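Below is the file final-v2.txt, which contains compact mmCIF, N, CA, C and O atoms.
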```
# COMPACT_ATOMS: atom_id res chain seq x y z
N MET A 1 -2.69 25.29 39.62
CA MET A 1 -2.82 26.57 38.96
C MET A 1 -2.60 26.36 37.45
O MET A 1 -1.64 25.73 37.04
N SER A 2 -3.50 26.87 36.64
CA SER A 2 -3.40 26.74 35.19
C SER A 2 -2.19 27.48 34.65
O SER A 2 -1.74 28.47 35.23
N VAL A 3 -1.69 26.97 33.51
CA VAL A 3 -0.61 27.64 32.81
C VAL A 3 -1.08 27.95 31.39
O VAL A 3 -1.89 27.21 30.82
N VAL A 4 -0.58 29.05 30.86
CA VAL A 4 -0.88 29.47 29.50
C VAL A 4 0.40 29.43 28.69
O VAL A 4 1.45 29.90 29.14
N LYS A 5 0.31 28.86 27.50
CA LYS A 5 1.44 28.83 26.56
C LYS A 5 0.99 29.58 25.31
O LYS A 5 -0.09 29.30 24.76
N ILE A 6 1.79 30.55 24.91
CA ILE A 6 1.49 31.30 23.69
C ILE A 6 2.66 31.09 22.75
O ILE A 6 3.79 31.49 23.04
N ASN A 7 2.39 30.41 21.64
CA ASN A 7 3.40 30.19 20.62
C ASN A 7 3.27 31.32 19.62
O ASN A 7 2.22 31.48 18.98
N VAL A 8 4.30 32.14 19.49
CA VAL A 8 4.31 33.27 18.57
C VAL A 8 4.94 32.78 17.28
O VAL A 8 6.12 32.44 17.24
N LEU A 9 4.14 32.73 16.21
CA LEU A 9 4.60 32.24 14.91
C LEU A 9 4.69 33.38 13.91
O LEU A 9 3.69 34.04 13.63
N THR A 10 5.88 33.61 13.38
CA THR A 10 6.04 34.61 12.32
C THR A 10 5.70 33.94 11.01
O THR A 10 6.35 32.97 10.61
N VAL A 11 4.66 34.45 10.35
CA VAL A 11 4.14 33.81 9.14
C VAL A 11 4.06 34.84 8.02
O VAL A 11 3.27 35.79 8.10
N PRO A 12 4.86 34.66 6.97
CA PRO A 12 4.76 35.58 5.83
C PRO A 12 3.35 35.55 5.22
O PRO A 12 2.67 34.52 5.28
N GLN A 13 2.93 36.66 4.68
CA GLN A 13 1.59 36.80 4.10
C GLN A 13 1.23 35.63 3.19
O GLN A 13 0.13 35.09 3.27
N GLU A 14 2.17 35.21 2.34
CA GLU A 14 1.88 34.15 1.37
C GLU A 14 1.72 32.77 2.01
O GLU A 14 1.26 31.84 1.37
N GLN A 15 2.04 32.63 3.29
CA GLN A 15 1.94 31.35 3.98
C GLN A 15 0.77 31.29 4.97
O GLN A 15 0.52 30.25 5.57
N ARG A 16 0.03 32.38 5.11
CA ARG A 16 -1.06 32.42 6.08
C ARG A 16 -2.11 31.35 5.82
O ARG A 16 -2.54 30.65 6.74
N GLU A 17 -2.55 31.22 4.59
CA GLU A 17 -3.58 30.23 4.26
C GLU A 17 -3.08 28.82 4.57
O GLU A 17 -3.82 28.00 5.12
N THR A 18 -1.82 28.55 4.24
CA THR A 18 -1.23 27.24 4.53
C THR A 18 -1.25 26.96 6.02
O THR A 18 -1.65 25.87 6.46
N LEU A 19 -0.82 27.92 6.82
CA LEU A 19 -0.79 27.74 8.27
C LEU A 19 -2.20 27.45 8.81
O LEU A 19 -2.40 26.51 9.58
N GLU A 20 -3.17 28.24 8.39
CA GLU A 20 -4.53 28.07 8.89
C GLU A 20 -5.12 26.73 8.48
O GLU A 20 -5.83 26.08 9.26
N LYS A 21 -4.83 26.27 7.26
CA LYS A 21 -5.31 24.96 6.81
C LYS A 21 -4.68 23.85 7.63
O LYS A 21 -5.35 22.87 7.99
N ARG A 22 -3.40 23.97 7.94
CA ARG A 22 -2.74 22.94 8.75
C ARG A 22 -3.33 22.88 10.14
O ARG A 22 -3.55 21.79 10.68
N PHE A 23 -3.60 24.03 10.75
CA PHE A 23 -4.22 24.02 12.07
C PHE A 23 -5.62 23.43 11.99
O PHE A 23 -6.02 22.66 12.87
N ALA A 24 -6.38 23.77 10.95
CA ALA A 24 -7.74 23.23 10.80
C ALA A 24 -7.71 21.70 10.66
O ALA A 24 -8.57 21.02 11.21
N SER A 25 -6.72 21.17 9.96
CA SER A 25 -6.66 19.72 9.76
C SER A 25 -6.29 18.98 11.03
O SER A 25 -6.54 17.79 11.16
N ARG A 26 -5.70 19.69 11.99
CA ARG A 26 -5.34 19.06 13.28
C ARG A 26 -6.18 19.64 14.42
O ARG A 26 -5.81 19.52 15.58
N ALA A 27 -7.33 20.20 14.08
CA ALA A 27 -8.13 20.94 15.06
C ALA A 27 -8.47 20.15 16.31
O ALA A 27 -8.53 20.71 17.39
N HIS A 28 -8.69 18.87 16.19
CA HIS A 28 -9.14 18.09 17.34
C HIS A 28 -8.02 17.28 17.98
O HIS A 28 -8.27 16.49 18.89
N ALA A 29 -6.80 17.48 17.55
CA ALA A 29 -5.67 16.70 18.07
C ALA A 29 -5.37 17.00 19.53
O ALA A 29 -4.86 16.14 20.23
N VAL A 30 -5.70 18.17 19.99
CA VAL A 30 -5.34 18.57 21.35
C VAL A 30 -6.50 18.43 22.34
O VAL A 30 -6.29 18.26 23.53
N GLU A 31 -7.71 18.43 21.86
CA GLU A 31 -8.89 18.54 22.72
C GLU A 31 -9.06 17.42 23.74
O GLU A 31 -9.61 17.63 24.80
N SER A 32 -8.59 16.22 23.44
CA SER A 32 -8.77 15.11 24.37
C SER A 32 -7.53 14.87 25.24
O SER A 32 -7.49 13.91 26.00
N SER A 33 -6.55 15.76 25.13
CA SER A 33 -5.32 15.61 25.93
C SER A 33 -5.60 15.89 27.40
O SER A 33 -6.30 16.85 27.74
N ASP A 34 -5.06 15.05 28.27
CA ASP A 34 -5.23 15.22 29.70
C ASP A 34 -4.68 16.58 30.13
O ASP A 34 -3.56 16.95 29.77
N GLY A 35 -5.48 17.34 30.84
CA GLY A 35 -5.05 18.64 31.35
C GLY A 35 -5.29 19.80 30.41
O GLY A 35 -5.08 20.96 30.77
N PHE A 36 -5.74 19.53 29.18
CA PHE A 36 -6.01 20.60 28.21
C PHE A 36 -7.24 21.38 28.64
O PHE A 36 -8.25 20.81 29.04
N GLU A 37 -7.18 22.72 28.57
CA GLU A 37 -8.31 23.57 28.96
C GLU A 37 -8.81 24.48 27.84
O GLU A 37 -10.00 24.79 27.78
N TRP A 38 -7.93 24.95 26.94
CA TRP A 38 -8.39 25.93 25.93
C TRP A 38 -7.39 26.06 24.80
O TRP A 38 -6.19 25.89 25.00
N PHE A 39 -7.87 26.42 23.61
CA PHE A 39 -7.02 26.67 22.44
C PHE A 39 -7.63 27.80 21.62
O PHE A 39 -8.85 27.85 21.45
N GLU A 40 -6.78 28.67 21.08
CA GLU A 40 -7.19 29.68 20.10
C GLU A 40 -6.03 29.95 19.15
O GLU A 40 -4.89 30.07 19.60
N LEU A 41 -6.32 30.05 17.87
CA LEU A 41 -5.35 30.50 16.87
C LEU A 41 -5.76 31.93 16.53
O LEU A 41 -6.87 32.17 16.06
N LEU A 42 -4.86 32.88 16.79
CA LEU A 42 -5.16 34.30 16.60
C LEU A 42 -4.42 34.83 15.37
O LEU A 42 -3.19 34.81 15.32
N ARG A 43 -5.19 35.29 14.38
CA ARG A 43 -4.63 35.86 13.14
C ARG A 43 -4.32 37.33 13.34
O ARG A 43 -5.14 38.08 13.86
N PRO A 44 -3.13 37.78 12.89
CA PRO A 44 -2.80 39.21 13.02
C PRO A 44 -3.70 40.04 12.11
O PRO A 44 -4.04 39.63 11.01
N VAL A 45 -4.07 41.21 12.61
CA VAL A 45 -4.93 42.11 11.85
C VAL A 45 -4.13 43.27 11.26
O VAL A 45 -4.31 43.63 10.11
N GLU A 46 -3.24 43.82 12.07
CA GLU A 46 -2.45 44.95 11.57
C GLU A 46 -1.14 45.06 12.35
O GLU A 46 -1.06 44.69 13.51
N GLY A 47 -0.10 45.52 11.68
CA GLY A 47 1.15 45.85 12.34
C GLY A 47 2.11 44.70 12.62
O GLY A 47 3.17 44.93 13.17
N THR A 48 1.74 43.46 12.26
CA THR A 48 2.63 42.33 12.52
C THR A 48 2.29 41.16 11.61
O THR A 48 1.18 41.07 11.09
N ASP A 49 3.25 40.27 11.42
CA ASP A 49 3.02 39.01 10.71
C ASP A 49 2.92 37.85 11.69
O ASP A 49 2.89 36.70 11.30
N ASP A 50 2.88 38.15 13.00
CA ASP A 50 2.89 37.12 14.02
C ASP A 50 1.49 36.62 14.36
O ASP A 50 0.63 37.39 14.76
N TYR A 51 1.31 35.31 14.18
CA TYR A 51 0.13 34.62 14.69
C TYR A 51 0.41 34.25 16.13
O TYR A 51 1.56 34.00 16.50
N LEU A 52 -0.63 34.19 16.96
CA LEU A 52 -0.49 33.71 18.32
C LEU A 52 -1.31 32.43 18.46
O LEU A 52 -2.49 32.40 18.08
N VAL A 53 -0.67 31.40 18.99
CA VAL A 53 -1.35 30.14 19.27
C VAL A 53 -1.47 30.07 20.79
O VAL A 53 -0.49 29.87 21.49
N TYR A 54 -2.68 30.27 21.29
CA TYR A 54 -2.94 30.34 22.72
C TYR A 54 -3.46 28.99 23.19
O TYR A 54 -4.46 28.49 22.68
N THR A 55 -2.77 28.39 24.16
CA THR A 55 -3.28 27.19 24.80
C THR A 55 -3.23 27.37 26.31
O THR A 55 -2.35 28.05 26.83
N ARG A 56 -4.18 26.75 26.97
CA ARG A 56 -4.24 26.80 28.44
C ARG A 56 -4.30 25.37 28.95
O ARG A 56 -5.04 24.55 28.42
N TRP A 57 -3.52 25.12 30.00
CA TRP A 57 -3.35 23.76 30.54
C TRP A 57 -3.56 23.76 32.04
O TRP A 57 -3.27 24.75 32.71
N ARG A 58 -3.99 22.64 32.57
CA ARG A 58 -4.17 22.49 34.02
C ARG A 58 -2.87 22.75 34.77
O ARG A 58 -2.87 23.37 35.82
N ASP A 59 -1.74 22.29 34.19
CA ASP A 59 -0.44 22.45 34.84
C ASP A 59 0.67 22.23 33.80
O ASP A 59 0.40 21.80 32.68
N GLU A 60 1.88 22.54 34.18
CA GLU A 60 3.04 22.40 33.29
C GLU A 60 3.24 20.96 32.86
O GLU A 60 3.60 20.69 31.71
N GLU A 61 3.00 20.02 33.76
CA GLU A 61 3.18 18.60 33.43
C GLU A 61 2.25 18.15 32.31
O GLU A 61 2.67 17.38 31.43
N SER A 62 1.02 18.63 32.31
CA SER A 62 0.08 18.30 31.24
C SER A 62 0.56 18.83 29.90
O SER A 62 0.49 18.14 28.88
N PHE A 63 1.05 20.06 29.90
CA PHE A 63 1.58 20.65 28.66
C PHE A 63 2.77 19.84 28.15
O PHE A 63 2.86 19.51 26.96
N GLN A 64 3.71 19.51 29.04
CA GLN A 64 4.90 18.77 28.63
C GLN A 64 4.54 17.39 28.09
O GLN A 64 5.13 16.92 27.11
N ALA A 65 3.57 16.73 28.71
CA ALA A 65 3.12 15.41 28.23
C ALA A 65 2.54 15.52 26.83
O ALA A 65 2.80 14.66 25.97
N TRP A 66 1.78 16.56 26.57
CA TRP A 66 1.24 16.77 25.22
C TRP A 66 2.36 17.06 24.22
O TRP A 66 2.36 16.54 23.11
N MET A 67 3.32 17.89 24.63
CA MET A 67 4.44 18.23 23.74
C MET A 67 5.22 16.98 23.33
O MET A 67 5.62 16.85 22.17
N GLU A 68 5.44 16.07 24.27
CA GLU A 68 6.24 14.87 23.99
C GLU A 68 5.44 13.76 23.33
O GLU A 68 6.04 12.83 22.79
N GLY A 69 4.13 13.86 23.36
CA GLY A 69 3.29 12.81 22.78
C GLY A 69 2.55 13.27 21.54
O GLY A 69 3.11 13.32 20.44
N PRO A 70 1.27 13.66 21.70
CA PRO A 70 0.43 14.01 20.55
C PRO A 70 0.97 15.15 19.67
O PRO A 70 0.88 15.09 18.45
N MET A 71 1.56 16.19 20.28
CA MET A 71 2.06 17.30 19.47
C MET A 71 3.21 16.85 18.60
O MET A 71 3.26 17.16 17.41
N LYS A 72 4.13 16.13 19.17
CA LYS A 72 5.29 15.65 18.42
C LYS A 72 4.84 14.75 17.27
O LYS A 72 5.32 14.89 16.14
N ALA A 73 3.91 13.86 17.55
CA ALA A 73 3.41 12.95 16.51
C ALA A 73 2.71 13.71 15.39
O ALA A 73 2.87 13.38 14.21
N ALA A 74 1.94 14.75 15.74
CA ALA A 74 1.21 15.53 14.74
C ALA A 74 2.14 16.29 13.80
O ALA A 74 1.80 16.56 12.65
N HIS A 75 3.34 16.63 14.27
CA HIS A 75 4.26 17.40 13.46
C HIS A 75 5.26 16.55 12.69
O HIS A 75 6.04 17.06 11.90
N GLN A 76 5.26 15.26 12.90
CA GLN A 76 6.17 14.38 12.18
C GLN A 76 5.45 13.83 10.97
O GLN A 76 4.56 13.02 11.08
N GLY A 77 5.84 14.29 9.81
CA GLY A 77 5.20 13.85 8.57
C GLY A 77 4.08 14.76 8.14
O GLY A 77 3.97 15.07 6.98
N GLY A 78 3.23 15.18 9.07
CA GLY A 78 2.15 16.12 8.77
C GLY A 78 1.19 15.68 7.70
O GLY A 78 0.53 16.47 7.08
N GLY A 79 1.12 14.34 7.42
CA GLY A 79 0.22 13.84 6.40
C GLY A 79 0.71 14.05 4.99
O GLY A 79 -0.03 13.88 4.03
N ALA A 80 1.98 14.40 4.82
CA ALA A 80 2.52 14.60 3.49
C ALA A 80 2.71 13.26 2.78
O ALA A 80 2.92 12.24 3.43
N PRO A 81 2.64 13.24 1.44
CA PRO A 81 2.83 11.98 0.72
C PRO A 81 4.23 11.43 0.94
O PRO A 81 5.19 12.17 1.13
N SER A 82 4.35 10.12 0.93
CA SER A 82 5.62 9.41 1.05
C SER A 82 6.34 9.74 2.35
O SER A 82 7.56 9.61 2.42
N GLY A 83 5.63 10.21 3.37
CA GLY A 83 6.25 10.52 4.65
C GLY A 83 7.14 11.75 4.63
O GLY A 83 7.85 12.01 5.58
N GLU A 84 7.09 12.52 3.53
CA GLU A 84 7.89 13.74 3.46
C GLU A 84 7.33 14.76 4.43
O GLU A 84 6.13 14.85 4.62
N ARG A 85 8.22 15.50 5.02
CA ARG A 85 7.79 16.54 5.94
C ARG A 85 7.54 17.83 5.16
O ARG A 85 8.42 18.30 4.44
N PRO A 86 6.34 18.43 5.27
CA PRO A 86 6.06 19.65 4.52
C PRO A 86 6.90 20.82 5.04
O PRO A 86 7.31 20.85 6.19
N LYS A 87 7.15 21.75 4.14
CA LYS A 87 7.91 22.95 4.50
C LYS A 87 7.12 23.72 5.56
O LYS A 87 5.91 23.89 5.45
N PRO A 88 7.79 24.21 6.61
CA PRO A 88 7.07 24.99 7.64
C PRO A 88 6.42 26.24 7.04
O PRO A 88 6.99 26.89 6.17
N ALA A 89 5.23 26.56 7.53
CA ALA A 89 4.54 27.78 7.09
C ALA A 89 5.09 29.00 7.82
O ALA A 89 5.07 30.11 7.30
N ALA A 90 5.61 28.79 9.02
CA ALA A 90 6.15 29.89 9.83
C ALA A 90 7.66 29.99 9.62
O ALA A 90 8.34 28.99 9.44
N SER A 91 8.15 31.21 9.64
CA SER A 91 9.59 31.42 9.50
C SER A 91 10.27 31.57 10.85
O SER A 91 11.49 31.67 10.92
N GLY A 92 9.50 31.60 11.93
CA GLY A 92 10.06 31.71 13.27
C GLY A 92 9.02 31.34 14.30
O GLY A 92 7.83 31.41 14.05
N SER A 93 9.49 30.93 15.48
CA SER A 93 8.59 30.53 16.55
C SER A 93 9.23 30.79 17.90
O SER A 93 10.40 30.49 18.11
N THR A 94 8.44 31.36 18.81
CA THR A 94 8.86 31.60 20.19
C THR A 94 7.70 31.21 21.09
O THR A 94 6.55 31.52 20.79
N VAL A 95 7.99 30.54 22.21
CA VAL A 95 6.93 30.17 23.15
C VAL A 95 7.04 31.04 24.39
O VAL A 95 8.11 31.13 25.00
N TRP A 96 5.93 31.67 24.75
CA TRP A 96 5.83 32.45 25.97
C TRP A 96 5.06 31.60 26.98
O TRP A 96 4.06 30.97 26.64
N SER A 97 5.46 31.62 28.24
CA SER A 97 4.79 30.84 29.28
C SER A 97 4.31 31.76 30.40
O SER A 97 5.05 32.65 30.82
N PHE A 98 3.10 31.50 30.89
CA PHE A 98 2.51 32.30 31.95
C PHE A 98 1.76 31.41 32.92
O PHE A 98 1.26 30.35 32.54
N GLU A 99 1.65 31.83 34.17
CA GLU A 99 0.75 31.22 35.14
C GLU A 99 -0.46 32.12 35.28
O GLU A 99 -0.34 33.34 35.28
N VAL A 100 -1.63 31.52 35.40
CA VAL A 100 -2.85 32.29 35.60
C VAL A 100 -2.94 32.65 37.08
O VAL A 100 -3.01 31.77 37.93
N VAL A 101 -2.93 33.94 37.38
CA VAL A 101 -3.02 34.38 38.76
C VAL A 101 -4.35 35.05 39.08
O VAL A 101 -4.73 35.15 40.25
N GLN A 102 -5.04 35.54 38.06
CA GLN A 102 -6.38 36.10 38.24
C GLN A 102 -7.18 35.82 36.98
O GLN A 102 -6.61 35.76 35.88
N GLN A 103 -8.48 35.67 37.14
CA GLN A 103 -9.33 35.51 35.98
C GLN A 103 -10.74 35.99 36.31
O GLN A 103 -11.10 36.10 37.48
N ALA A 104 -11.50 36.27 35.29
CA ALA A 104 -12.89 36.70 35.45
C ALA A 104 -13.70 36.13 34.29
O ALA A 104 -13.18 35.92 33.21
N ALA A 105 -14.95 35.86 34.54
CA ALA A 105 -15.87 35.38 33.51
C ALA A 105 -17.06 36.33 33.51
O ALA A 105 -17.33 37.03 34.50
N PRO A 106 -17.79 36.38 32.39
CA PRO A 106 -18.97 37.24 32.34
C PRO A 106 -19.99 36.85 33.41
O PRO A 106 -20.15 35.66 33.72
N LYS A 107 -20.66 37.84 33.96
CA LYS A 107 -21.73 37.56 34.92
C LYS A 107 -22.93 37.03 34.19
O LYS A 107 -23.26 37.46 33.09
N GLU A 108 -23.62 36.09 34.81
CA GLU A 108 -24.85 35.56 34.22
C GLU A 108 -25.98 36.54 34.45
O GLU A 108 -26.08 37.13 35.52
N ALA A 109 -26.84 36.71 33.45
CA ALA A 109 -27.94 37.67 33.56
C ALA A 109 -29.07 37.15 34.40
O ALA A 109 -29.28 36.05 34.63
```
Would you write out, as structure tokens, the structure that this file holds?
Amino acid sequence: MSVVKINVLTVPQEQRETLEKRFASRAHAVESSDGFEWFELLRPVEGTDDYLVYTRWRDEESFQAWMEGPMKAAHQGGGAPSGERPKPAASGSTVWSFEVVQQAAPKEA
């Protein structure tokens, strides 16, 4: 059964561009991970400063393997000069976890 992880990132207005550029620079880091099924970065439109990072995985084990491997490596150093770690763009982060129990896709015409 697939699992969905939603990382809720609180991002001040002045850091939005920074956050989006960082995600764009790592856009393909997750796509070849075993068990990866889907990714979306959702920008808030109104009423909140929270971005949602939606990922879908074949199972919890696949997600955990990615967290301990490629994700951890991507966040260490972040490509900053002299190995310095860049200041986080988000001021807070919470991960929500869900199991997919029902789904639907568009009907083919």
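For chain A, the set of residues given alpha helix (DSSP H) by DSSP on the backbone reads Arg16, Glu17, Thr18, Leu19, Glu20, Lys21, Arg22, Phe23, Ala24, Ser25, Glu60, Glu61, Ser62, Phe63, Gln64, Ala65, Trp66, Lys72, Ala73, Ala74 and His75 of chain A.
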Produce the centre coordinates and the three edge lengths, each in Å to one decimal, of the box along x, y and z that contains all listed atoms of segment 93-105 of chain A with 8 Å added on each side, as AutoDock Vina command-line options.
```
--center_x -3.5 --center_y 33.6 --center_z 27.9 --size_x 43.7 --size_y 22.9 --size_z 40.8
```
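Taking all atoms listed in the file, the non-local environment of Gln64 of chain A within 8 Å (same-chain residues fewer than 6 positions away omitted) comprises Asp34, Pro70 and Met71 of chain A.
Near segment 23-26 of chain A, within 9 Å and counting only C-alpha atoms, sit A:Thr18, A:Leu19, A:Val30, A:Leu41, A:Ala74; same-chain residues fewer than 4 positions away were not included.
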(message) Given only N, CA, C and O atoms as the basis, pick out the residue of A:Lys5, A:Arg43, A:Lys72, A:His28 nearest to Phe98 of chain A.
(response)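 Among the listed residues, A:Lys5 lies closest to Phe98 of chain A.
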(message) Just checking: using only C-alpha atoms, which residue out of A:Asn7, A:Thr94, A:Ser2, A:Gln15 ends up closest to Leu52 of chain A?
(response)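 The closest residue to Leu52 of chain A is A:Asn7.
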